[in-house]
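Next comes input-v6.cif, with mmCIF, C-alpha atoms.
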data_query
loop_
_atom_site.label_atom_id
_atom_site.label_comp_id
_atom_site.auth_asym_id
_atom_site.auth_seq_id
_atom_site.Cartn_x
_atom_site.Cartn_y
_atom_site.Cartn_z
CA MET A 111 5.35 48.43 0.15
CA PHE A 112 5.36 45.17 2.17
CA ASP A 113 2.02 45.90 3.89
CA PHE A 114 0.41 47.04 0.63
CA THR A 115 1.54 43.92 -1.25
CA VAL A 116 0.47 41.56 1.53
CA LYS A 117 -2.92 43.27 1.86
CA TYR A 118 -3.88 43.79 -1.78
CA LEU A 119 -1.67 41.45 -3.81
CA GLY A 120 -1.42 38.57 -1.34
CA ALA A 121 -2.84 36.03 -3.82
CA LEU A 122 0.25 36.49 -6.02
CA LYS A 123 2.32 34.57 -3.47
CA HIS A 124 0.82 31.37 -4.88
CA ILE A 125 2.48 31.98 -8.28
CA PRO A 126 5.66 29.86 -8.20
CA LEU A 127 8.75 31.97 -7.36
CA PHE A 128 6.77 35.23 -7.14
CA ALA A 129 7.10 35.54 -3.34
CA HIS A 130 10.86 34.92 -3.58
CA PHE A 131 11.13 37.50 -6.37
CA PHE A 132 9.24 39.98 -4.16
CA ASP A 133 11.50 39.19 -1.20
CA ALA A 134 14.54 39.83 -3.44
CA PHE A 135 13.25 43.36 -4.04
CA LEU A 136 12.51 43.81 -0.33
CA LYS A 137 16.19 43.04 0.28
CA ILE A 138 17.31 45.53 -2.38
CA ASN A 139 15.02 48.15 -0.83
CA THR A 140 16.43 47.38 2.63
CA LEU A 141 20.00 47.58 1.29
CA LEU A 142 19.28 51.02 -0.17
CA PHE A 143 17.39 52.54 2.76
CA ASN A 144 18.38 50.64 5.93
CA PRO A 145 21.34 48.36 5.09
CA ARG A 146 22.10 47.45 8.70
CA VAL A 147 18.85 45.48 8.88
CA LEU A 148 20.35 42.95 6.44
CA ASP A 149 23.33 42.53 8.79
CA TYR A 150 20.95 42.03 11.74
CA ILE A 151 19.07 39.34 9.79
CA ASP A 152 22.40 37.62 8.92
CA ALA A 153 23.48 37.74 12.57
CA ILE A 154 20.14 36.35 13.82
CA GLU A 155 20.29 33.56 11.24
CA LYS A 156 23.83 32.62 12.24
CA GLU A 157 23.01 32.68 15.96
CA VAL A 158 19.73 30.73 15.74
CA GLU A 159 21.22 28.14 13.39
CA SER A 160 23.75 27.31 16.12
CA TRP A 161 21.01 26.42 18.62
CA PRO A 162 20.29 22.71 19.19
CA TYR A 163 17.56 21.11 17.04
CA VAL A 164 17.17 24.29 15.01
CA SER A 165 17.48 24.34 11.24
CA VAL A 166 17.29 27.22 8.81
CA GLU A 167 15.80 27.07 5.34
CA LEU A 168 14.15 29.18 2.67
CA HIS A 169 10.60 30.20 3.63
CA LYS A 170 8.00 29.19 1.03
CA PHE A 171 6.84 32.81 0.70
CA GLY A 172 10.32 34.34 0.71
CA GLY A 173 12.76 34.99 3.56
CA VAL A 174 14.62 32.88 6.09
CA GLN A 175 12.64 30.22 7.95
CA PHE A 176 13.58 28.82 11.35
CA ASN A 177 12.54 25.30 12.31
CA PHE A 178 12.71 23.61 15.68
CA ASN A 179 12.65 19.81 15.42
CA ASP A 180 11.58 20.30 11.80
CA TYR A 181 8.54 22.45 12.74
CA GLU A 182 8.46 26.05 11.64
CA ILE A 183 8.66 28.49 14.55
CA GLY A 184 9.03 31.65 12.47
CA HIS A 185 10.59 33.45 9.55
CA ILE A 186 12.14 36.80 8.65
CA HIS A 187 11.31 38.62 5.40
CA GLY A 188 13.88 40.68 3.51
CA ASN A 189 12.70 43.94 5.09
CA GLY A 190 13.32 42.69 8.65
CA THR A 191 9.73 41.62 9.39
CA LEU A 192 9.88 38.70 11.81
CA ASP A 193 6.78 36.49 11.89
CA LEU A 194 6.77 34.16 14.84
CA LEU A 195 4.54 31.48 16.37
CA LEU A 196 3.93 31.80 20.12
CA ASN A 197 1.14 30.55 22.33
CA ARG A 198 -1.83 32.87 22.74
CA ASN A 199 -1.15 33.73 26.40
CA VAL A 200 2.44 34.74 25.73
CA LYS A 201 1.25 36.64 22.66
CA LEU A 202 -1.31 38.63 24.74
CA GLU A 203 1.33 39.40 27.35
CA LEU A 204 3.78 40.65 24.70
CA LEU A 205 1.08 42.58 22.87
CA ASN A 206 0.40 44.46 26.13
CA GLU A 207 4.08 45.38 26.31
CA GLY A 208 3.55 47.07 22.96
CA ARG A 209 6.62 45.96 21.03
CA ILE A 210 5.00 43.34 18.86
CA THR A 211 1.86 43.41 16.74
CA ASP A 212 -0.66 40.88 15.54
CA HIS A 213 0.61 38.83 12.59
CA HIS A 214 0.04 40.77 9.37
CA THR A 215 -2.22 38.01 7.99
CA PHE A 216 -3.23 35.55 10.74
CA LYS A 217 -4.91 37.82 13.28
CA ASN A 218 -6.64 35.25 15.50
CA SER A 219 -3.76 32.88 16.05
CA GLY A 220 -0.56 32.54 18.05
CA TRP A 221 1.39 34.24 15.24
CA ILE A 222 2.92 37.66 15.88
CA THR A 223 4.88 40.17 13.83
CA PHE A 224 7.90 42.14 14.98
CA VAL A 225 9.79 44.53 12.73
CA ILE A 226 13.57 44.57 13.16
CA GLN A 227 15.06 48.02 12.54
CA THR A 228 17.81 48.47 15.15
CA ALA A 229 20.46 46.45 16.99
CA LYS A 230 18.18 46.41 20.07
CA ASP A 231 15.37 45.06 17.93
CA SER A 232 17.60 42.23 16.74
CA GLU A 233 18.37 41.29 20.37
CA TYR A 234 14.65 41.31 21.15
CA ALA A 235 14.04 39.18 18.03
CA LEU A 236 16.41 36.56 19.46
CA ASP A 237 14.47 36.63 22.76
CA LEU A 238 11.24 36.13 20.83
CA LEU A 239 12.72 33.19 18.95
CA LYS A 240 13.75 31.67 22.29
CA TYR A 241 10.16 32.14 23.59
CA SER A 242 8.89 30.42 20.49
CA ILE A 243 11.22 27.46 20.96
CA GLU A 244 10.21 27.15 24.63
CA ASN A 245 6.59 27.24 23.49
CA ARG A 246 7.31 24.49 20.96
CA LYS A 247 9.03 22.35 23.61
CA LYS A 248 5.95 22.52 25.85
CA SER A 249 3.46 21.66 23.12
CA MET B 60 44.64 34.00 -7.04
CA ASN B 61 43.62 32.86 -3.55
CA GLU B 62 40.69 30.51 -3.09
CA PRO B 63 37.98 32.95 -1.90
CA LYS B 64 38.75 35.32 -4.78
CA SER B 65 38.66 32.56 -7.34
CA LYS B 66 35.34 31.27 -5.92
CA LEU B 67 33.91 34.78 -6.03
CA LEU B 68 35.03 35.13 -9.65
CA MET B 69 33.67 31.71 -10.59
CA GLY B 70 30.33 32.74 -9.07
CA ILE B 71 30.28 35.66 -11.50
CA VAL B 72 31.71 34.07 -14.65
CA VAL B 73 30.16 30.57 -14.65
CA PRO B 74 26.49 31.72 -14.35
CA ASN B 75 27.02 34.13 -17.26
CA VAL B 76 28.66 31.46 -19.43
CA PHE B 77 25.74 29.17 -18.54
CA GLY B 78 23.19 31.93 -19.33
CA VAL B 79 24.71 32.75 -22.73
CA ALA B 80 25.01 29.04 -23.62
CA ILE B 81 21.43 28.18 -22.71
CA ILE B 82 19.85 31.28 -24.32
CA GLY B 83 22.01 30.82 -27.44
CA MET B 84 21.02 27.16 -27.66
CA LEU B 85 17.32 27.98 -27.22
CA GLN B 86 17.49 30.66 -29.91
CA LEU B 87 19.26 28.25 -32.24
CA VAL B 88 16.67 25.51 -31.68
CA ASN B 89 13.88 28.08 -32.00
CA SER B 90 15.21 29.36 -35.32
CA TYR B 91 14.99 25.80 -36.73
CA VAL B 92 11.62 24.93 -35.20
CA SER B 93 9.72 28.24 -35.47
CA ASP B 94 7.85 29.21 -38.63
CA SER B 95 8.01 32.89 -37.66
CA ALA B 96 10.80 35.33 -38.46
CA SER B 97 10.69 36.44 -34.83
CA SER B 98 12.35 34.43 -32.08
CA VAL B 99 10.20 33.85 -29.03
CA PHE B 100 11.72 34.79 -25.69
CA VAL B 101 9.74 32.59 -23.38
CA PHE B 102 9.10 32.62 -19.63
CA SER B 103 12.19 30.41 -19.15
CA ASN B 104 14.57 32.99 -20.63
CA PHE B 105 13.78 35.69 -18.12
CA ILE B 106 12.79 33.66 -15.06
CA ILE B 107 14.23 30.17 -15.00
CA VAL B 108 17.61 31.00 -16.56
CA PRO B 109 18.38 33.91 -14.14
CA THR B 110 17.12 31.75 -11.24
CA LEU B 111 19.51 28.97 -12.29
CA MET B 112 22.28 31.58 -12.65
CA GLY B 113 21.63 32.66 -9.04
CA ILE B 114 21.73 29.02 -7.90
CA ILE B 115 25.10 28.58 -9.67
CA SER B 116 26.47 31.72 -7.95
CA ALA B 117 25.21 30.37 -4.61
CA TYR B 118 27.12 27.13 -5.26
CA PHE B 119 30.44 28.92 -5.76
CA TRP B 120 29.84 31.39 -2.90
CA ARG B 121 28.50 28.80 -0.43
CA ASP B 122 31.61 28.72 1.78
CA LEU B 123 32.57 32.40 1.57
CA GLU B 124 30.64 33.61 4.67
CA MET B 125 29.45 36.54 2.59
CA LYS B 126 26.94 38.94 4.14
CA THR B 127 23.60 39.44 2.38
CA ALA B 128 24.41 43.07 1.50
CA LYS B 129 27.59 41.94 -0.28
CA LYS B 130 25.77 39.11 -2.01
CA ILE B 131 23.26 41.59 -3.43
CA GLY B 132 26.14 43.75 -4.67
CA TRP B 133 27.91 40.85 -6.40
CA SER B 134 24.60 39.59 -7.79
CA ALA B 135 24.12 43.02 -9.32
CA VAL B 136 27.52 42.54 -11.01
CA VAL B 137 26.38 39.13 -12.34
CA ALA B 138 23.16 40.77 -13.62
CA LEU B 139 25.03 43.71 -15.16
CA ILE B 140 27.33 41.37 -17.09
CA ALA B 141 24.29 39.34 -18.23
CA ILE B 142 22.61 42.55 -19.43
CA LEU B 143 25.77 43.71 -21.26
CA LEU B 144 26.10 40.27 -22.87
CA SER B 145 22.47 40.58 -24.02
CA ALA B 146 23.35 43.93 -25.60
CA PHE B 147 26.37 42.52 -27.48
CA VAL B 148 25.38 38.91 -28.19
CA LEU B 149 21.62 39.25 -28.69
CA LYS B 150 21.87 42.86 -30.02
CA GLU B 151 19.15 44.04 -27.65
CA GLY B 152 18.25 47.75 -27.51
CA ALA B 153 18.79 49.95 -24.45
CA ILE B 154 15.07 50.36 -23.63
CA CYS B 155 14.54 46.58 -23.84
CA LEU B 156 17.44 46.02 -21.48
CA LEU B 157 16.05 48.63 -19.10
CA ILE B 158 12.68 46.85 -19.13
CA VAL B 159 14.20 43.40 -18.63
CA SER B 160 16.77 44.32 -15.96
CA PRO B 161 14.41 44.13 -12.90
CA LEU B 162 13.53 40.55 -13.91
CA ILE B 163 17.18 39.57 -14.32
CA ILE B 164 18.39 41.00 -11.00
CA GLY B 165 15.23 39.88 -9.12
CA PHE B 166 15.46 36.28 -10.30
CA ILE B 167 19.24 36.05 -9.85
CA LEU B 168 18.66 37.05 -6.21
CA THR B 169 15.79 34.55 -6.03
CA GLY B 170 18.14 31.84 -7.31
CA LEU B 171 20.77 32.92 -4.82
CA ALA B 172 18.30 32.51 -1.92
CA ILE B 173 17.14 29.13 -3.24
CA GLY B 174 20.76 28.05 -3.79
CA LYS B 175 21.78 29.10 -0.29
CA SER B 176 19.13 26.78 1.12
CA MET B 177 19.94 24.02 -1.37
CA PHE B 178 23.64 23.88 -0.60
CA LYS B 179 23.25 23.64 3.14
CA LYS B 180 24.29 20.27 4.45
CA ASN B 181 21.67 17.49 4.50
CA ASN B 182 19.40 19.25 2.08
CA GLY B 183 19.48 16.67 -0.70
CA LEU B 184 15.69 16.50 -0.99
CA VAL B 185 15.46 20.27 -1.54
CA LYS B 186 18.11 20.07 -4.28
CA ALA B 187 16.23 17.31 -6.10
CA ASN B 188 12.87 19.11 -5.77
CA VAL B 189 14.15 22.49 -6.96
CA PHE B 190 15.97 21.05 -9.96
CA GLY B 191 12.96 18.87 -10.80
CA VAL B 192 10.48 21.76 -10.68
CA LEU B 193 12.74 24.13 -12.65
CA LEU B 194 13.49 21.48 -15.26
CA LEU B 195 9.79 20.67 -15.64
CA LEU B 196 8.87 24.38 -15.97
CA PHE B 197 11.69 24.84 -18.47
CA VAL B 198 10.62 21.95 -20.71
CA VAL B 199 6.85 22.69 -20.51
CA ASP B 200 7.41 26.39 -21.16
CA ASN B 201 9.63 25.80 -24.18
CA LEU B 202 7.16 23.34 -25.68
CA SER B 203 4.14 25.63 -25.11
CA ASP B 204 2.59 27.86 -27.74
CA HIS B 205 3.50 31.49 -26.98
CA LYS B 206 1.98 33.29 -29.95
CA GLN B 207 -1.00 35.29 -28.89
CA LEU B 208 -2.75 38.32 -30.23
CA SER B 209 -3.35 41.14 -27.75
CA LEU B 210 -5.52 44.21 -28.07
CA VAL B 211 -5.08 47.62 -26.47
CA SER B 212 -8.04 49.97 -26.70
CA ASP B 213 -8.27 53.62 -25.65
CA THR B 214 -11.09 56.11 -25.79
CA ILE B 215 -11.23 59.89 -25.62
CA VAL B 216 -13.99 62.44 -26.20
CA VAL B 217 -13.19 65.19 -28.70
CA ASN B 218 -15.15 68.41 -28.32
CA ALA B 219 -15.66 68.79 -32.06
CA PRO B 220 -18.11 67.37 -34.61
CA ILE B 221 -17.26 64.09 -36.30
CA GLU B 222 -16.65 65.74 -39.70
CA LYS B 223 -13.78 67.76 -38.19
CA VAL B 224 -12.23 64.74 -36.46
CA TRP B 225 -12.33 62.25 -39.35
CA PRO B 226 -9.76 63.86 -41.72
CA LEU B 227 -7.28 64.14 -38.83
CA VAL B 228 -7.70 60.45 -38.03
CA VAL B 229 -6.72 59.57 -41.58
CA GLU B 230 -3.62 61.80 -41.62
CA TYR B 231 -2.27 64.53 -39.39
CA GLU B 232 0.45 67.18 -39.28
CA PRO B 233 3.54 66.60 -37.11
CA ILE B 234 3.04 66.45 -33.36
CA ASP B 235 5.15 69.11 -31.68
CA SER B 236 3.87 68.92 -28.09
CA LYS B 237 6.26 67.91 -25.31
CA GLU B 238 6.58 64.22 -24.46
CA ASP B 239 4.73 63.32 -21.27
CA TYR B 240 5.48 59.57 -21.06
CA TRP B 241 8.73 58.73 -19.26
CA LEU B 242 9.93 56.15 -21.80
CA PHE B 243 9.48 58.67 -24.63
CA LYS B 244 11.39 61.22 -22.53
CA ILE B 245 14.39 58.89 -22.17
CA GLY B 246 14.62 58.09 -25.86
CA MET B 247 11.96 55.62 -26.91
CA PRO B 248 10.65 56.74 -30.32
CA SER B 249 7.20 58.36 -30.19
CA PRO B 250 4.69 58.86 -33.04
CA VAL B 251 5.08 62.12 -34.95
CA GLN B 252 3.00 62.09 -38.11
CA SER B 253 0.71 60.05 -40.33
CA THR B 254 0.43 60.37 -44.11
CA VAL B 255 -1.69 58.57 -46.71
CA THR B 256 -1.33 57.93 -50.44
CA GLY B 257 -5.10 57.99 -51.04
CA TYR B 258 -8.50 58.14 -49.40
CA HIS B 259 -9.82 54.65 -50.06
CA GLU B 260 -9.37 51.03 -49.05
CA GLY B 261 -6.07 49.65 -50.30
CA ALA B 262 -4.32 53.02 -50.02
CA GLY B 263 -0.98 53.22 -48.26
CA ARG B 264 -0.55 54.93 -44.90
CA LYS B 265 2.65 55.73 -43.05
CA CYS B 266 3.08 56.28 -39.35
CA ILE B 267 6.31 58.16 -38.80
CA PHE B 268 8.14 58.06 -35.46
CA SER B 269 10.45 60.61 -33.82
CA ASN B 270 13.66 58.76 -34.78
CA GLY B 271 12.59 58.65 -38.43
CA TYR B 272 11.35 55.07 -38.33
CA VAL B 273 8.26 54.39 -40.43
CA PHE B 274 5.49 51.83 -40.02
CA ASP B 275 4.12 51.05 -43.50
CA GLU B 276 0.41 50.44 -43.36
CA LYS B 277 -2.38 49.52 -45.78
CA ILE B 278 -5.91 50.81 -45.25
CA VAL B 279 -8.30 47.84 -45.11
CA VAL B 280 -11.49 49.60 -43.93
CA TYR B 281 -12.22 53.18 -44.99
CA LYS B 282 -15.66 54.35 -43.85
CA PRO B 283 -15.61 58.16 -43.61
CA ASN B 284 -16.78 59.52 -40.22
CA GLU B 285 -17.03 55.96 -38.92
CA GLU B 286 -14.01 53.65 -39.10
CA LEU B 287 -10.44 53.55 -40.33
CA THR B 288 -8.66 50.20 -40.05
CA PHE B 289 -5.17 49.56 -41.36
CA ASP B 290 -2.85 46.56 -41.39
CA ILE B 291 0.83 47.03 -40.69
CA VAL B 292 2.66 45.64 -43.71
CA GLU B 293 6.18 46.50 -42.59
CA GLN B 294 7.56 47.67 -39.30
CA PRO B 295 11.00 49.18 -38.63
CA ARG B 296 13.87 46.78 -38.01
CA ASP B 297 14.69 48.38 -34.68
CA PRO B 298 16.40 46.24 -32.00
CA GLU B 299 13.89 47.59 -29.46
CA ILE B 300 10.96 45.96 -31.28
CA MET B 301 12.48 43.43 -33.70
CA GLY B 302 11.73 39.91 -32.53
CA HIS B 303 9.86 41.16 -29.46
CA ILE B 304 6.59 42.54 -30.78
CA ASP B 305 4.75 42.67 -34.09
CA ILE B 306 2.14 45.41 -34.41
CA VAL B 307 -0.43 43.71 -36.62
CA ARG B 308 -3.33 46.12 -37.05
CA GLY B 309 -4.49 49.59 -36.01
CA GLN B 310 -7.96 51.06 -35.96
CA PHE B 311 -9.84 54.27 -35.22
CA ILE B 312 -13.57 54.17 -34.58
CA LEU B 313 -15.57 57.40 -34.38
CA ARG B 314 -18.97 57.83 -32.76
CA ASP B 315 -21.12 60.95 -33.02
CA ASN B 316 -22.32 61.78 -29.50
CA GLY B 317 -25.17 63.92 -30.88
CA ASN B 318 -24.10 67.03 -29.00
CA GLY B 319 -21.33 68.31 -31.22
CA THR B 320 -18.74 66.03 -29.62
CA THR B 321 -17.15 62.83 -30.92
CA THR B 322 -16.02 59.70 -29.13
CA LEU B 323 -12.74 58.52 -30.63
CA VAL B 324 -11.61 54.94 -29.99
CA GLY B 325 -8.07 53.82 -30.86
CA ASN B 326 -7.34 50.09 -31.09
CA SER B 327 -4.08 48.26 -31.75
CA TRP B 328 -3.53 44.54 -32.11
CA TYR B 329 -0.09 43.09 -31.56
CA LYS B 330 1.72 39.78 -31.16
CA LEU B 331 4.15 39.57 -28.28
CA TYR B 332 7.24 37.38 -28.53
CA VAL B 333 8.61 37.98 -25.04
CA PHE B 334 7.22 36.24 -21.99
CA PRO B 335 6.03 36.05 -19.21
CA GLU B 336 2.96 37.91 -20.43
CA TRP B 337 2.16 39.30 -16.95
CA TYR B 338 5.43 41.23 -17.04
CA PHE B 339 6.07 42.15 -20.69
CA GLY B 340 2.33 42.46 -21.45
CA THR B 341 2.16 45.22 -18.83
CA TRP B 342 5.00 47.10 -20.52
CA SER B 343 3.69 46.62 -24.07
CA LYS B 344 0.19 47.73 -23.03
CA SER B 345 1.62 50.81 -21.34
CA ILE B 346 3.77 51.70 -24.39
CA THR B 347 0.94 51.07 -26.89
CA ARG B 348 -1.48 53.06 -24.73
CA ASN B 349 0.90 56.02 -24.66
CA VAL B 350 1.40 55.82 -28.45
CA HIS B 351 -2.41 55.92 -28.80
CA LEU B 352 -2.83 58.77 -26.38
CA ARG B 353 -0.09 60.88 -27.96
CA VAL B 354 -1.79 60.57 -31.36
CA MET B 355 -5.35 60.88 -30.04
CA LYS B 356 -4.57 63.94 -27.89
CA HIS B 357 -2.98 65.53 -30.97
CA ILE B 358 -6.10 64.77 -33.03
CA LYS B 359 -8.22 66.23 -30.21
CA LEU B 360 -6.09 69.38 -30.08
CA LEU B 361 -6.26 69.95 -33.85
CA SER B 362 -9.98 69.11 -34.04
CA GLU B 363 -10.93 71.49 -31.23
CA LYS B 364 -9.11 74.44 -32.83
CA ASP B 365 -11.59 77.12 -34.00
CA VAL B 366 -14.62 75.15 -32.75
#
Let's see the structure in the file written out as structure tokens.
Amino acid sequence: MFDFTVKYLGALKHIPLFAHFFDAFLKINTLLFNPRVLDYIDAIEKEVESWPYVSVELHKFGGVQFNFNDYEIGHIHGNGTLDLLLNRNVKLELLNEGRITDHHTFKNSGWITFVIQTAKDSEYALDLLKYSIENRKKS
Amino acid sequence: MNEPKSKLLMGIVVPNVFGVAIIGMLQLVNSYVSDSASSVFVFSNFIIVPTLMGIISAYFWRDLEMKTAKKIGWSAVVALIAILLSAFVLKEGAICLLIVSPLIIGFILTGLAIGKSMFKKNNGLVKANVFGVLLLLFVVDNLSDHKQLSLVSDTIVVNAPIEKVWPLVVEYEPIDSKEDYWLFKIGMPSPVQSTVTGYHEGAGRKCIFSNGYVFDEKIVVYKPNEELTFDIVEQPRDPEIMGHIDIVRGQFILRDNGNGTTTLVGNSWYKLYVFPEWYFGTWSKSITRNVHLRVMKHIKLLSEKDV
């Protein structure tokens, strides 16, 4: 559902509140079919929010957004899809490891996508967020 | 009652009191301002009000350390109460409430997410922006003109000559085939029969539905084997349609395909009083289309008998 909507109905995200409405239904879907993912997202949010210079807010297209020094480093949608900004070298390295994929919209950029489904995935998501912050510190 | 429980309860009760108060006030103002018998349920009623309800819940639940899964559950309770209040206070029908419920729950959750971000510390700018945008949308939407005429058109080919199709367009025997549209299956009235008082312009026509409701119509164009157009002069006072939609005009156009078959076009014009159009227009088009198709398939079946 997420991939289909992003691919074919992506323009709808520019309608005010539509993306948040869609994310609300992603959360309901997650609650019905994989409820633990919502707990993983909560835990990641709580952990990352405790890191220095990190703030958490609502992402403009729905989901939880993480900022480092007020710059967005990534966000998680209601179905557990983590979109994250890395540098291209780190991205290539991680792509070779095979756990992450190109960002679902921005293919030729430092953005990556990682889908959180299990407890191990949520640990890896935290590692990725740390990479992203390190990347931000260097830039 | 301990503090967390009372905050949880306030997050359920206060948004619903707010919702009833604001919708009631809007309906009251609308009944004084509007020249129509129907009240208009605008974009704000189904989007901004539930969003604000979610924001209010988020305010009361902000310190409860509630997990997202639980928040969705309690938001569903808020939505369920709002839907039940709509049934009792606004006298809405069950099908209407079924149609509107995804909007209510979706936008309460949207408001909850917005509220969660708003009520974090040092987020004063977000609070001001969100309230400003919602207030602006609310005012602009309520001052906008929402009366618009919509058309739904459907076409089928009947494998029978036009002379056989025409009389069945004017009036037809009861439809006894099984319902194949899910809303008809769960209780929405479907068309059953049409009768006329005469075969000329100005004659009366009745479209009878499965629950006994009757649409009283007046034939305004009667061109045998070509066109039948009728205006709806009175529609049933059913809570499912009253104040939400006015069916204004219906029409059948027949075209001889020159090979013993007939193209039958069914048109309906209606005024919608519930918005946003992108949501309720989709439902009303789907329902009107399935009313058309049920009648037109019946006409096709009867016309093609013994051909």
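Within 8 Å of chain B, chain A contributes the residues Leu127, His130, Phe131, Phe132, Asp133, Ala134, Phe135, Ile138, Leu141, Pro145, Leu148, Asp149, Asp152, Val166, Glu167 and Leu168 of chain A, using all atoms listed in the file.
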Query raised in the report: Skipping near chain neighbours, those fewer than 3 positions away, what residues fall within 9 Å of range 231-242 of chain A using only C-alpha atoms, listed as a ChimeraX atom specification?
Result: /A:147,150-151,153-154,157-158,176,183-184,192,194-197,200,224-228,245-247
The PyMOL selection byres ((chain B and resi 361) around 12) on the file shown: which residues, as a PDB file with C-alpha atoms, keeping the file's coordinate frame?
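Output (expr00.pdb):
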ATOM      1  CA  VAL B 217     -13.190  65.190 -28.700  1.00  0.00           C
ATOM      2  CA  ASN B 218     -15.150  68.410 -28.320  1.00  0.00           C
ATOM      3  CA  ALA B 219     -15.660  68.790 -32.060  1.00  0.00           C
ATOM      4  CA  LYS B 223     -13.780  67.760 -38.190  1.00  0.00           C
ATOM      5  CA  VAL B 224     -12.230  64.740 -36.460  1.00  0.00           C
ATOM      6  CA  TRP B 225     -12.330  62.250 -39.350  1.00  0.00           C
ATOM      7  CA  PRO B 226      -9.760  63.860 -41.720  1.00  0.00           C
ATOM      8  CA  LEU B 227      -7.280  64.140 -38.830  1.00  0.00           C
ATOM      9  CA  VAL B 228      -7.700  60.450 -38.030  1.00  0.00           C
ATOM     10  CA  GLU B 230      -3.620  61.800 -41.620  1.00  0.00           C
ATOM     11  CA  TYR B 231      -2.270  64.530 -39.390  1.00  0.00           C
ATOM     12  CA  GLU B 232       0.450  67.180 -39.280  1.00  0.00           C
ATOM     13  CA  PRO B 233       3.540  66.600 -37.110  1.00  0.00           C
ATOM     14  CA  ILE B 234       3.040  66.450 -33.360  1.00  0.00           C
ATOM     15  CA  ASP B 235       5.150  69.110 -31.680  1.00  0.00           C
ATOM     16  CA  SER B 236       3.870  68.920 -28.090  1.00  0.00           C
ATOM     17  CA  VAL B 354      -1.790  60.570 -31.360  1.00  0.00           C
ATOM     18  CA  MET B 355      -5.350  60.880 -30.040  1.00  0.00           C
ATOM     19  CA  LYS B 356      -4.570  63.940 -27.890  1.00  0.00           C
ATOM     20  CA  HIS B 357      -2.980  65.530 -30.970  1.00  0.00           C
ATOM     21  CA  ILE B 358      -6.100  64.770 -33.030  1.00  0.00           C
ATOM     22  CA  LYS B 359      -8.220  66.230 -30.210  1.00  0.00           C
ATOM     23  CA  LEU B 360      -6.090  69.380 -30.080  1.00  0.00           C
ATOM     24  CA  SER B 362      -9.980  69.110 -34.040  1.00  0.00           C
ATOM     25  CA  GLU B 363     -10.930  71.490 -31.230  1.00  0.00           C
ATOM     26  CA  LYS B 364      -9.110  74.440 -32.830  1.00  0.00           C
ATOM     27  CA  ASP B 365     -11.590  77.120 -34.000  1.00  0.00           C
ATOM     28  CA  VAL B 366     -14.620  75.150 -32.750  1.00  0.00           C
TER      29      VAL B 366
END
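Evaluating the PyMOL selection byres ((chain B and resi 72) around 10) against the shown model yields B:Lys66, B:Leu67, B:Leu68, B:Met69, B:Gly70, B:Ile71, B:Val73, B:Pro74, B:Asn75, B:Val76, B:Phe77, B:Gly78, B:Met112, B:Ile115, B:Ser116, B:Val137, B:Ile140, B:Ala141.
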Report task. Please provide the set of residues having any atom within 8 Å of range 206-216 of chain A, restricted to all atoms listed in the file, with same-chain residues fewer than 3 positions apart removed, written as a ChimeraX atom specification. Result -> /A:113,116,193,202-203,219,221-225
Let me have the centre and edge lengths of the axis-aligned box enclosing all listed atoms of range 203-208 of chain A with 5 Å padding on every side, in Å to one decimal, as AutoDock Vina command-line options.
--center_x 2.2 --center_y 43.2 --center_z 25.1 --size_x 13.7 --size_y 17.7 --size_z 14.5
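Between CA of His187 in chain A and CA of Ala129 in chain A the interatomic distance comes to 10.2 Å.
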Report task. Select all residues near (13.6, 19.6, 18.0) (cut-off 7 Å, inclusive, file coordinates), counting all atoms listed in the file, and output them as a ChimeraX atom specification. Result -> /A:163-164,178-180
